[in-house]
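protein.txt (compact mmCIF, C-alpha atoms and all ligand atoms)
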```
# COMPACT_ATOMS: atom_id res chain seq x y z
CA MET A 1 75.16 -193.40 88.96
CA SER A 2 72.27 -191.60 90.50
CA THR A 3 69.60 -191.76 87.81
CA THR A 4 66.95 -194.33 88.60
CA LEU A 5 64.71 -195.89 86.01
CA LYS A 6 61.70 -197.30 87.76
CA THR A 7 60.06 -200.40 86.43
CA ASP A 8 56.39 -200.31 85.73
CA VAL A 9 54.65 -202.08 88.57
CA LYS A 10 51.14 -203.03 87.57
CA GLN A 11 48.97 -204.53 90.24
CA THR A 12 46.38 -207.04 89.32
CA GLY A 13 43.07 -205.36 88.79
CA PHE A 14 44.74 -201.95 88.28
CA VAL A 15 42.25 -199.43 86.96
CA ASP A 16 43.39 -196.07 85.63
CA PHE A 17 40.94 -193.74 87.39
CA LEU A 18 42.07 -190.84 85.19
CA PRO A 19 42.51 -192.10 81.63
CA LEU A 20 44.00 -189.20 79.64
CA GLU A 21 43.82 -189.13 75.86
CA GLY A 22 46.60 -186.54 75.55
CA THR A 23 47.07 -182.78 75.68
CA ASP A 24 44.03 -180.94 74.37
CA TYR A 25 45.46 -177.40 74.37
CA VAL A 26 47.91 -175.16 76.19
CA GLU A 27 46.48 -171.78 77.23
CA LEU A 28 48.73 -168.79 77.84
CA TYR A 29 47.66 -165.61 79.58
CA VAL A 30 49.39 -162.79 77.72
CA GLY A 31 49.47 -159.00 77.71
CA ASN A 32 48.30 -158.72 74.11
CA ALA A 33 46.67 -161.82 72.66
CA LYS A 34 46.24 -160.40 69.17
CA GLN A 35 49.96 -159.79 68.83
CA ALA A 36 50.98 -163.00 70.64
CA ALA A 37 48.81 -165.01 68.23
CA HIS A 38 50.54 -163.29 65.34
CA TYR A 39 53.98 -164.18 66.81
CA TYR A 40 53.16 -167.86 67.27
CA MET A 41 51.65 -168.02 63.81
CA SER A 42 54.44 -166.19 61.99
CA ALA A 43 57.37 -167.59 63.99
CA PHE A 44 56.18 -171.12 64.85
CA GLY A 45 53.88 -171.84 61.91
CA PHE A 46 50.53 -172.13 63.69
CA GLN A 47 47.31 -171.45 61.79
CA ALA A 48 44.31 -169.40 62.90
CA LEU A 49 41.50 -171.59 64.27
CA ALA A 50 38.97 -169.80 66.48
CA TYR A 51 38.35 -166.53 68.31
CA ALA A 52 36.36 -165.57 71.38
CA GLY A 53 35.88 -162.05 72.71
CA PRO A 54 33.30 -159.32 73.16
CA GLU A 55 31.90 -160.12 69.69
CA THR A 56 31.09 -163.67 70.82
CA GLY A 57 29.70 -162.70 74.20
CA MET A 58 32.92 -162.73 76.30
CA LYS A 59 32.85 -159.35 78.00
CA ASP A 60 36.18 -159.28 79.82
CA LYS A 61 38.64 -161.18 77.67
CA ALA A 62 39.73 -162.10 74.19
CA SER A 63 41.11 -165.52 73.23
CA TYR A 64 42.73 -166.69 70.01
CA ALA A 65 43.03 -170.44 69.36
CA ILE A 66 45.74 -171.41 66.89
CA ARG A 67 46.65 -174.89 65.70
CA GLN A 68 49.42 -176.86 64.02
CA HIS A 69 48.73 -180.58 63.46
CA LYS A 70 47.70 -181.82 66.95
CA LEU A 71 49.16 -178.81 68.79
CA THR A 72 46.66 -176.20 69.92
CA LEU A 73 47.61 -172.99 71.72
CA VAL A 74 45.12 -170.52 73.16
CA LEU A 75 46.30 -166.94 73.76
CA THR A 76 44.07 -165.12 76.21
CA THR A 77 44.21 -161.50 77.35
CA PRO A 78 42.01 -159.38 79.63
CA ILE A 79 40.41 -156.37 78.02
CA ARG A 80 39.75 -154.67 81.35
CA PRO A 81 41.76 -154.38 84.59
CA GLY A 82 40.76 -155.86 87.92
CA ASN A 83 40.10 -159.51 87.09
CA PRO A 84 42.00 -162.78 87.62
CA ILE A 85 43.52 -162.75 84.11
CA ALA A 86 44.84 -159.19 84.49
CA ASP A 87 46.17 -160.02 87.97
CA HIS A 88 47.88 -163.15 86.61
CA ILE A 89 49.72 -161.13 83.97
CA TYR A 90 50.66 -158.39 86.44
CA LYS A 91 52.20 -161.00 88.71
CA HIS A 92 53.73 -163.49 86.27
CA GLY A 93 54.08 -161.73 82.93
CA ASP A 94 53.07 -163.83 79.93
CA GLY A 95 52.90 -167.48 80.87
CA VAL A 96 51.05 -170.78 80.75
CA LYS A 97 47.80 -170.81 82.71
CA ALA A 98 46.27 -174.12 81.65
CA LEU A 99 47.66 -177.46 80.57
CA SER A 100 44.38 -178.86 79.28
CA LEU A 101 43.99 -182.61 79.03
CA ARG A 102 41.62 -184.54 76.77
CA VAL A 103 39.37 -186.97 78.62
CA ASN A 104 36.39 -189.13 77.79
CA ASP A 105 34.48 -187.96 80.87
CA ALA A 106 35.26 -184.53 82.35
CA ALA A 107 32.83 -184.97 85.26
CA SER A 108 34.48 -188.22 86.30
CA ALA A 109 37.99 -186.71 85.94
CA TRP A 110 36.97 -183.87 88.26
CA LYS A 111 35.29 -186.20 90.75
CA GLU A 112 38.17 -188.70 90.88
CA THR A 113 40.85 -186.03 91.34
CA THR A 114 39.02 -183.78 93.79
CA LYS A 115 38.05 -186.72 95.98
CA ARG A 116 41.77 -187.59 96.15
CA GLY A 117 42.64 -184.10 97.34
CA ALA A 118 42.85 -181.85 94.28
CA LYS A 119 41.57 -178.31 94.76
CA SER A 120 38.75 -177.59 92.33
CA TYR A 121 39.35 -174.83 89.80
CA MET A 122 36.16 -175.39 87.83
CA GLU A 123 33.27 -177.73 88.50
CA PRO A 124 32.12 -179.75 85.48
CA LEU A 125 30.45 -177.35 83.07
CA ALA A 126 28.56 -178.32 79.90
CA LEU A 127 28.97 -175.78 77.10
CA LYS A 128 26.57 -176.04 74.17
CA ASP A 129 26.19 -174.53 70.74
CA GLU A 130 24.86 -175.69 67.36
CA ASP A 131 27.87 -178.04 67.02
CA GLY A 132 27.04 -180.03 70.12
CA GLU A 133 28.16 -180.17 73.72
CA LEU A 134 31.63 -179.84 75.25
CA VAL A 135 32.15 -180.56 78.94
CA MET A 136 35.03 -179.08 80.88
CA SER A 137 36.23 -179.12 84.48
CA GLY A 138 39.48 -178.17 86.17
CA ILE A 139 41.80 -178.53 89.14
CA GLU A 140 44.58 -176.36 90.51
CA VAL A 141 48.21 -177.48 90.45
CA TYR A 142 51.56 -175.75 91.19
CA GLY A 143 51.61 -171.95 91.42
CA GLU A 144 48.55 -170.58 89.67
CA THR A 145 48.69 -173.24 86.97
CA VAL A 146 45.63 -175.41 86.32
CA HIS A 147 44.72 -178.60 84.50
CA LEU A 148 41.46 -178.39 82.59
CA PHE A 149 39.77 -181.66 81.65
CA ILE A 150 38.20 -181.36 78.21
CA GLU A 151 35.53 -183.81 77.01
CA ARG A 152 34.75 -183.20 73.35
CA LYS A 153 33.28 -186.53 72.24
CA ASN A 154 29.88 -184.91 71.63
CA TYR A 155 31.28 -181.77 70.02
CA ARG A 156 31.82 -181.31 66.29
CA GLY A 157 32.89 -177.65 66.17
CA ALA A 158 36.38 -176.36 65.36
CA PHE A 159 37.31 -175.56 68.95
CA MET A 160 34.68 -174.96 71.64
CA PRO A 161 31.39 -173.21 72.31
CA GLY A 162 31.86 -169.48 72.86
CA TYR A 163 34.37 -169.30 70.00
CA ARG A 164 33.71 -168.49 66.38
CA PRO A 165 35.81 -169.76 63.47
CA TRP A 166 38.67 -167.38 62.74
CA SER A 167 40.93 -167.18 59.71
CA ASN A 168 42.70 -164.62 57.59
CA PRO A 169 42.90 -165.59 53.92
CA HIS A 170 45.80 -163.13 53.50
CA PHE A 171 47.92 -164.62 56.30
CA GLN A 172 48.25 -168.39 56.36
CA PRO A 173 51.74 -169.28 57.52
CA THR A 174 53.00 -172.66 56.38
CA SER A 175 53.63 -175.30 59.03
CA THR A 176 57.11 -175.66 60.54
CA GLY A 177 56.46 -179.38 61.09
CA LEU A 178 55.53 -179.21 64.76
CA LEU A 179 53.20 -182.11 65.53
CA TYR A 180 52.09 -182.49 69.16
CA VAL A 181 53.01 -181.79 72.80
CA ASP A 182 55.71 -184.23 73.92
CA HIS A 183 55.93 -183.05 77.54
CA CYS A 184 55.40 -179.97 79.74
CA VAL A 185 57.80 -179.09 82.54
CA GLY A 186 56.90 -177.34 85.79
CA ASN A 187 59.31 -175.39 88.00
CA VAL A 188 58.45 -175.61 91.70
CA GLY A 189 60.07 -174.07 94.79
CA TRP A 190 62.68 -175.41 97.22
CA ASN A 191 61.67 -178.84 98.61
CA GLN A 192 58.44 -178.79 96.61
CA MET A 193 59.33 -181.42 94.01
CA ASP A 194 58.46 -184.43 96.16
CA PRO A 195 55.11 -183.04 97.37
CA TRP A 196 54.15 -182.44 93.72
CA VAL A 197 55.38 -185.91 92.73
CA LYS A 198 53.12 -187.27 95.46
CA PHE A 199 50.24 -185.12 94.16
CA TYR A 200 50.58 -186.49 90.63
CA GLU A 201 50.85 -190.04 91.99
CA GLU A 202 47.97 -189.92 94.43
CA VAL A 203 45.60 -187.41 92.86
CA MET A 204 46.14 -188.14 89.17
CA GLY A 205 47.43 -191.74 89.17
CA PHE A 206 50.71 -190.78 87.47
CA LYS A 207 53.96 -192.72 87.90
CA ASN A 208 57.45 -191.40 88.54
CA ILE A 209 59.33 -192.83 85.55
CA LEU A 210 62.68 -191.01 85.83
CA THR A 211 64.60 -189.19 88.52
CA PHE A 212 67.54 -186.82 88.11
CA ASP A 213 69.33 -185.56 91.20
CA ASP A 214 71.67 -182.63 91.54
CA GLU A 215 74.64 -184.81 90.56
CA ASP A 216 73.04 -185.48 87.19
CA ILE A 217 72.03 -181.89 86.59
CA SER A 218 74.76 -179.62 87.78
CA THR A 219 77.46 -177.43 86.40
CA GLU A 220 80.27 -175.69 88.21
CA TYR A 221 77.81 -173.04 89.34
CA SER A 222 74.27 -174.23 89.67
CA ALA A 223 72.09 -177.30 90.02
CA LEU A 224 68.55 -178.55 89.84
CA MET A 225 66.66 -181.75 90.52
CA SER A 226 63.94 -183.25 88.37
CA LYS A 227 61.42 -186.08 88.46
CA VAL A 228 59.43 -187.12 85.41
CA MET A 229 55.77 -187.98 86.03
CA SER A 230 53.82 -189.95 83.43
CA SER A 231 50.10 -190.66 83.13
CA GLY A 232 49.03 -194.28 83.44
CA ASN A 233 48.94 -194.77 79.67
CA GLY A 234 52.08 -192.67 79.04
CA PHE A 235 50.29 -190.11 76.83
CA VAL A 236 50.98 -187.19 79.18
CA LYS A 237 54.38 -186.48 80.76
CA PHE A 238 55.12 -183.77 83.29
CA PRO A 239 58.70 -183.44 84.51
CA ILE A 240 58.91 -181.38 87.73
CA ASN A 241 62.04 -179.36 88.57
CA GLU A 242 63.17 -177.81 91.81
CA PRO A 243 66.34 -175.78 92.41
CA ALA A 244 69.32 -177.34 94.18
CA GLU A 245 72.20 -175.72 96.05
CA GLY A 246 75.07 -174.56 93.87
CA LYS A 247 77.73 -171.88 93.99
CA LYS A 248 75.47 -169.47 92.14
CA LYS A 249 71.79 -169.03 91.36
CA SER A 250 70.18 -171.95 89.52
CA GLN A 251 68.08 -171.37 86.42
CA VAL A 252 65.02 -172.62 88.35
CA GLU A 253 65.57 -169.93 90.99
CA GLU A 254 65.86 -167.30 88.29
CA TYR A 255 62.56 -168.53 86.85
CA LEU A 256 60.83 -168.51 90.27
CA GLU A 257 62.03 -164.97 90.90
CA PHE A 258 60.88 -163.55 87.57
CA TYR A 259 57.68 -165.59 87.24
CA ASN A 260 57.00 -164.59 90.83
CA GLY A 261 56.20 -168.16 91.80
CA GLU A 262 55.91 -171.67 90.47
CA GLY A 263 54.80 -172.33 86.91
CA VAL A 264 55.39 -173.97 83.55
CA GLN A 265 59.05 -173.71 82.49
CA HIS A 266 58.86 -175.22 79.04
CA VAL A 267 56.59 -177.00 76.61
CA ALA A 268 58.28 -179.58 74.38
CA MET A 269 56.83 -179.84 70.87
CA ALA A 270 57.55 -182.89 68.71
CA THR A 271 58.64 -182.96 65.08
CA ASP A 272 59.59 -185.83 62.79
CA ASN A 273 62.27 -183.79 60.99
CA ILE A 274 64.10 -181.59 63.47
CA VAL A 275 66.62 -180.23 60.96
CA LYS A 276 63.86 -178.97 58.68
CA THR A 277 61.73 -177.68 61.59
CA VAL A 278 64.56 -175.82 63.31
CA ARG A 279 65.74 -174.31 60.04
CA GLU A 280 62.19 -173.02 59.43
CA LEU A 281 61.82 -171.69 62.99
CA MET A 282 65.17 -169.89 62.86
CA SER A 283 64.37 -168.31 59.51
CA ARG A 284 61.14 -166.98 61.05
CA GLY A 285 62.96 -165.43 64.00
CA VAL A 286 62.79 -168.02 66.80
CA GLU A 287 65.99 -167.79 68.86
CA PHE A 288 67.65 -170.88 70.32
CA LEU A 289 70.27 -171.59 72.95
CA LYS A 290 73.59 -172.42 71.38
CA VAL A 291 76.08 -174.92 72.79
CA PRO A 292 79.80 -174.50 72.02
CA THR A 293 80.81 -176.21 68.75
CA ALA A 294 83.17 -178.42 70.83
CA TYR A 295 79.96 -180.29 71.81
CA TYR A 296 80.06 -181.91 68.36
CA ASP A 297 83.72 -183.00 68.45
CA ASP A 298 83.04 -186.25 70.28
CA LEU A 299 79.28 -186.46 69.75
CA LEU A 300 79.31 -189.68 67.72
CA ASP A 301 81.64 -191.33 70.26
CA ARG A 302 79.06 -190.50 72.92
CA VAL A 303 75.85 -191.43 71.10
CA GLY A 304 76.98 -193.92 68.43
CA HIS A 305 75.50 -194.07 64.94
CA ILE A 306 72.70 -191.64 64.06
CA ASP A 307 70.76 -191.38 60.79
CA GLU A 308 71.28 -187.62 60.45
CA ASP A 309 74.31 -185.89 58.95
CA LEU A 310 76.40 -184.20 61.61
CA GLU A 311 76.96 -180.95 59.69
CA PRO A 312 73.39 -179.58 59.78
CA LEU A 313 73.08 -180.54 63.47
CA LYS A 314 76.26 -178.61 64.20
CA GLU A 315 75.19 -175.68 62.05
CA LEU A 316 71.83 -175.39 63.83
CA GLY A 317 73.07 -176.36 67.30
CA ILE A 318 70.80 -179.42 67.60
CA LEU A 319 71.62 -181.69 70.56
CA VAL A 320 71.60 -185.51 70.55
CA ASP A 321 71.30 -188.02 73.37
CA ARG A 322 70.87 -191.79 73.57
CA ASP A 323 69.20 -194.11 76.07
CA ASN A 324 68.61 -197.88 76.12
CA GLU A 325 65.78 -197.65 73.60
CA GLY A 326 67.13 -195.30 70.98
CA TYR A 327 68.16 -191.68 70.60
CA LEU A 328 66.59 -188.25 70.53
CA LEU A 329 67.40 -184.89 69.01
CA GLN A 330 66.42 -181.69 70.81
CA LEU A 331 66.91 -177.96 70.95
CA PHE A 332 65.73 -175.29 73.37
CA SER A 333 64.51 -171.81 72.51
CA LYS A 334 65.48 -168.74 74.44
CA PRO A 335 62.65 -167.42 76.66
CA VAL A 336 59.82 -166.17 74.43
CA GLU A 337 59.07 -163.10 76.52
CA ASP A 338 61.25 -160.45 78.20
CA ARG A 339 61.11 -162.12 81.59
CA PRO A 340 63.46 -165.16 81.64
CA THR A 341 60.57 -167.57 82.15
CA LEU A 342 58.71 -169.72 79.58
CA PHE A 343 60.60 -171.28 76.67
CA PHE A 344 59.97 -174.07 74.17
CA GLU A 345 61.79 -177.30 73.35
CA ILE A 346 61.79 -178.88 69.91
CA ILE A 347 62.23 -182.65 70.11
CA GLN A 348 62.48 -185.55 67.69
CA ARG A 349 62.43 -189.02 69.22
CA LYS A 350 64.01 -191.95 67.45
CA GLY A 351 63.13 -194.63 69.95
CA ALA A 352 64.41 -192.83 73.04
CA LYS A 353 61.85 -192.28 75.80
CA SER A 354 64.10 -190.14 78.01
CA PHE A 355 64.69 -186.38 78.16
CA GLY A 356 68.27 -185.68 77.10
CA LYS A 357 70.18 -186.17 80.34
CA GLY A 358 73.47 -186.34 78.43
CA ASN A 359 72.86 -182.78 77.21
CA PHE A 360 72.04 -181.21 80.54
CA LYS A 361 75.55 -180.08 81.37
CA ALA A 362 76.33 -178.52 77.97
CA LEU A 363 72.89 -177.00 77.91
CA PHE A 364 72.95 -175.53 81.40
CA GLU A 365 76.31 -173.97 80.75
CA ALA A 366 74.68 -172.28 77.76
CA ILE A 367 71.78 -171.14 79.97
CA GLU A 368 74.24 -169.79 82.55
CA ARG A 369 75.97 -167.70 79.92
CA GLU A 370 72.56 -166.13 79.20
CA GLN A 371 71.85 -165.68 82.93
CA GLU A 372 75.24 -164.03 83.34
CA ALA A 373 74.41 -161.63 80.49
CA ARG A 374 71.17 -160.72 82.31
CA GLY A 375 73.09 -160.21 85.57
CA ASN A 376 71.14 -163.02 87.27
CA LEU A 377 73.82 -165.67 87.88
FE FE2 B 1 62.09 -181.01 78.12
```
Produce structure tokens that represent the structure in this file.
Amino acid sequence: MSTTLKTDVKQTGFVDFLPLEGTDYVELYVGNAKQAAHYYMSAFGFQALAYAGPETGMKDKASYAIRQHKLTLVLTTPIRPGNPIADHIYKHGDGVKALSLRVNDAASAWKETTKRGAKSYMEPLALKDEDGELVMSGIEVYGETVHLFIERKNYRGAFMPGYRPWSNPHFQPTSTGLLYVDHCVGNVGWNQMDPWVKFYEEVMGFKNILTFDDEDISTEYSALMSKVMSSGNGFVKFPINEPAEGKKKSQVEEYLEFYNGEGVQHVAMATDNIVKTVRELMSRGVEFLKVPTAYYDDLLDRVGHIDEDLEPLKELGILVDRDNEGYLLQLFSKPVEDRPTLFFEIIQRKGAKSFGKGNFKALFEAIEREQEARGNL
């Protein structure tokens, strides 16, 4: 048994120097933000929220903010060559640039993390418009990924200064029931997991709450290792993966090759009715990884009683896993761009606080079949 569940060690007088209120938004740099926004709206059920571009004074880029319940995505594209956004897309393809975190004090978040060794991405900056003031700052993390700290307690507007409200009365997709970001996973290079674990511990005050080694996460062909980092209050969770030696190329290596470096592998979005949500997503064209139907033959022996009927889970390919505190249901999309890089997870937690370890093997065999089809195994 190689998984270790670490107990929460709280020292007397412990002060969380980086209290995080949750994920504020996830920003993707994409080749065509107008069309990407349309895809996430039509396929995932996001609604139009705000727009920034040349019309609002942004000369070199256009950004579309879309929202579903507490989930906000920003799709940003360069409208000229020769700038960091264009270079990012040339190198990585479409991908996550910023995992933005809500804080009460963006200046303090920047000061506390940079003094502990974080590289500054953006010094605290106060943005103002008629709806008030929003303060943001940022630090660099793995690859070219950044964390932005967003302080919006004195801001009443829909999104942020620089944006104007955006909606299309003729196109208002209904929600698919996605609620909030559950966790965001980063893929890092060989032997880079522990340095990044140390970074999240020392620079951001996170704790390592779960560890999976290559015995937990391996198939006949490939392996990876993962450590789950959680913010002090548990509102933000960042699992970090690195490849491990196997007979063939691991999925993390395939990601690193095609993303051309480290970056965000998947964003997990929570729902409180996974059957309904996945049915909606599939009917709107979202493609998911499929495990063999044999997965369901002994499912209830493995996980015990669950509230859901087995048939719809089997029909849709939804996976189930149990830990000491309850169970969870989850499903993983195929990559959402042509490079085999970023994908999404849909997750419904019924007490479980873990990440579906019992599904890793079945799931990775499904991923390997896809890798094989791409000629990358
Ligand atoms: Fe996940």
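The interatomic distance for the pair CA of Asp60 in chain A and CA of Thr76 in chain A works out to 10.5 Å.
Neighbouring residues of ligand FE2 1 (chain B) at a cut-off of 7 Å, counting all atoms listed in the file, are His183, Cys184, Val185, His266, Val267, Ala268, Glu345 and Phe355 of chain A.
The smallest atom-to-atom distance between Ala50 in chain A and any of A:Phe364, A:Tyr64, A:Phe17, A:Phe206, using all atoms listed in the file, is found for A:Tyr64.
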Report the distance between CA of Val188 in chain A and CA of Glu245 in chain A in Å, rounded to one decimal place. 14.4 Å
Nearest candidate to Lys290 in chain A (options A:Ala36, A:Ile347, A:Ala366, A:Ile306; using all atoms listed in the file): A:Ala366
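Considering all atoms listed in the file, the residue among A:Ala48, A:Lys115, A:Lys59, A:Ile66 positioned nearest to His170 in chain A is A:Ala48.
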To one decimal in Å, tell me the separation between CA of Glu202 in chain A and CA of Ser230 in chain A. 12.5 Å
Give me, as a PyMOL selection string, all polymer residues having an atom no more than 10 Å from range 190-201 of chain A, counting all atoms listed in the file and skipping those fewer than 4 positions away in the same chain. chain A and resi 113+116-118+141-142+186+205-208+224-232+238-245+252-253+256+262
Neighbouring residues of Asp131 in chain A were defined as those with any atom within 10 Å, considering only C-alpha atoms; residues of the same chain fewer than 3 positions away were excluded. Please report them as a ChimeraX atom specification. /A:128,134,154-161
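Among the candidates A:Ala106, A:Leu148, A:Ala52, A:Val135, the residue lying nearest to Tyr25 in chain A is A:Leu148 (atoms considered: all atoms listed in the file).
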Reconstruct all heavy atoms of range 277-286 of chain A from the incomplete input and present them as a PDB file, keeping the file's coordinate frame.
```pdb
ATOM      1  N   THR A 277      62.522-178.518  60.681  1.00  0.00           N
ATOM      2  CA  THR A 277      61.730-177.680  61.590  1.00  0.00           C
ATOM      3  C   THR A 277      62.548-176.542  62.178  1.00  0.00           C
ATOM      4  O   THR A 277      62.119-175.386  62.170  1.00  0.00           O
ATOM      5  CB  THR A 277      61.135-178.556  62.719  1.00  0.00           C
ATOM      6  OG1 THR A 277      60.191-179.459  62.152  1.00  0.00           O
ATOM      7  CG2 THR A 277      60.432-177.710  63.776  1.00  0.00           C
ATOM      8  N   VAL A 278      63.743-176.861  62.670  1.00  0.00           N
ATOM      9  CA  VAL A 278      64.560-175.820  63.310  1.00  0.00           C
ATOM     10  C   VAL A 278      65.024-174.783  62.285  1.00  0.00           C
ATOM     11  O   VAL A 278      65.041-173.582  62.557  1.00  0.00           O
ATOM     12  CB  VAL A 278      65.738-176.451  64.083  1.00  0.00           C
ATOM     13  CG1 VAL A 278      66.747-175.392  64.506  1.00  0.00           C
ATOM     14  CG2 VAL A 278      65.215-177.211  65.299  1.00  0.00           C
ATOM     15  N   ARG A 279      65.348-175.252  61.093  1.00  0.00           N
ATOM     16  CA  ARG A 279      65.740-174.310  60.040  1.00  0.00           C
ATOM     17  C   ARG A 279      64.591-173.332  59.755  1.00  0.00           C
ATOM     18  O   ARG A 279      64.787-172.128  59.644  1.00  0.00           O
ATOM     19  CB  ARG A 279      66.104-175.080  58.770  1.00  0.00           C
ATOM     20  CG  ARG A 279      67.195-174.437  57.955  1.00  0.00           C
ATOM     21  CD  ARG A 279      67.475-175.226  56.692  1.00  0.00           C
ATOM     22  NE  ARG A 279      68.438-176.307  56.855  1.00  0.00           N
ATOM     23  CZ  ARG A 279      69.740-176.136  57.075  1.00  0.00           C
ATOM     24  NH1 ARG A 279      70.234-174.925  57.198  1.00  0.00           N
ATOM     25  NH2 ARG A 279      70.556-177.163  57.198  1.00  0.00           N
ATOM     26  N   GLU A 280      63.371-173.868  59.663  1.00  0.00           N
ATOM     27  CA  GLU A 280      62.190-173.020  59.430  1.00  0.00           C
ATOM     28  C   GLU A 280      61.995-172.033  60.585  1.00  0.00           C
ATOM     29  O   GLU A 280      61.759-170.843  60.365  1.00  0.00           O
ATOM     30  CB  GLU A 280      60.924-173.900  59.338  1.00  0.00           C
ATOM     31  CG  GLU A 280      60.695-174.513  57.973  1.00  0.00           C
ATOM     32  CD  GLU A 280      60.391-173.461  56.922  1.00  0.00           C
ATOM     33  OE1 GLU A 280      59.805-172.413  57.256  1.00  0.00           O
ATOM     34  OE2 GLU A 280      60.754-173.682  55.751  1.00  0.00           O
ATOM     35  N   LEU A 281      62.051-172.550  61.821  1.00  0.00           N
ATOM     36  CA  LEU A 281      61.820-171.690  62.990  1.00  0.00           C
ATOM     37  C   LEU A 281      62.843-170.573  63.052  1.00  0.00           C
ATOM     38  O   LEU A 281      62.513-169.416  63.303  1.00  0.00           O
ATOM     39  CB  LEU A 281      61.865-172.529  64.278  1.00  0.00           C
ATOM     40  CG  LEU A 281      60.744-173.559  64.455  1.00  0.00           C
ATOM     41  CD1 LEU A 281      61.058-174.503  65.615  1.00  0.00           C
ATOM     42  CD2 LEU A 281      59.394-172.878  64.700  1.00  0.00           C
ATOM     43  N   MET A 282      64.109-170.914  62.807  1.00  0.00           N
ATOM     44  CA  MET A 282      65.170-169.890  62.860  1.00  0.00           C
ATOM     45  C   MET A 282      64.953-168.828  61.791  1.00  0.00           C
ATOM     46  O   MET A 282      65.124-167.640  62.045  1.00  0.00           O
ATOM     47  CB  MET A 282      66.534-170.538  62.643  1.00  0.00           C
ATOM     48  CG  MET A 282      67.082-171.177  63.894  1.00  0.00           C
ATOM     49  SD  MET A 282      68.747-171.817  63.562  1.00  0.00           S
ATOM     50  CE  MET A 282      69.121-172.479  65.192  1.00  0.00           C
ATOM     51  N   SER A 283      64.544-169.284  60.588  1.00  0.00           N
ATOM     52  CA  SER A 283      64.370-168.310  59.510  1.00  0.00           C
ATOM     53  C   SER A 283      63.190-167.391  59.789  1.00  0.00           C
ATOM     54  O   SER A 283      63.087-166.315  59.215  1.00  0.00           O
ATOM     55  CB  SER A 283      64.177-169.031  58.168  1.00  0.00           C
ATOM     56  OG  SER A 283      62.879-169.582  58.109  1.00  0.00           O
ATOM     57  N   ARG A 284      62.292-167.831  60.698  1.00  0.00           N
ATOM     58  CA  ARG A 284      61.140-166.980  61.050  1.00  0.00           C
ATOM     59  C   ARG A 284      61.377-166.202  62.342  1.00  0.00           C
ATOM     60  O   ARG A 284      60.465-165.588  62.885  1.00  0.00           O
ATOM     61  CB  ARG A 284      59.886-167.832  61.184  1.00  0.00           C
ATOM     62  CG  ARG A 284      59.560-168.565  59.885  1.00  0.00           C
ATOM     63  CD  ARG A 284      58.337-169.429  60.035  1.00  0.00           C
ATOM     64  NE  ARG A 284      58.261-170.425  58.966  1.00  0.00           N
ATOM     65  CZ  ARG A 284      57.156-171.072  58.660  1.00  0.00           C
ATOM     66  NH1 ARG A 284      56.035-170.833  59.326  1.00  0.00           N
ATOM     67  NH2 ARG A 284      57.161-171.964  57.701  1.00  0.00           N
ATOM     68  N   GLY A 285      62.601-166.294  62.871  1.00  0.00           N
ATOM     69  CA  GLY A 285      62.960-165.430  64.000  1.00  0.00           C
ATOM     70  C   GLY A 285      62.993-166.074  65.365  1.00  0.00           C
ATOM     71  O   GLY A 285      63.264-165.390  66.357  1.00  0.00           O
ATOM     72  N   VAL A 286      62.708-167.384  65.477  1.00  0.00           N
ATOM     73  CA  VAL A 286      62.790-168.020  66.800  1.00  0.00           C
ATOM     74  C   VAL A 286      64.261-168.148  67.178  1.00  0.00           C
ATOM     75  O   VAL A 286      65.087-168.574  66.369  1.00  0.00           O
ATOM     76  CB  VAL A 286      62.123-169.421  66.796  1.00  0.00           C
ATOM     77  CG1 VAL A 286      62.244-170.080  68.161  1.00  0.00           C
ATOM     78  CG2 VAL A 286      60.658-169.309  66.382  1.00  0.00           C
TER      79      VAL A 286
END
```
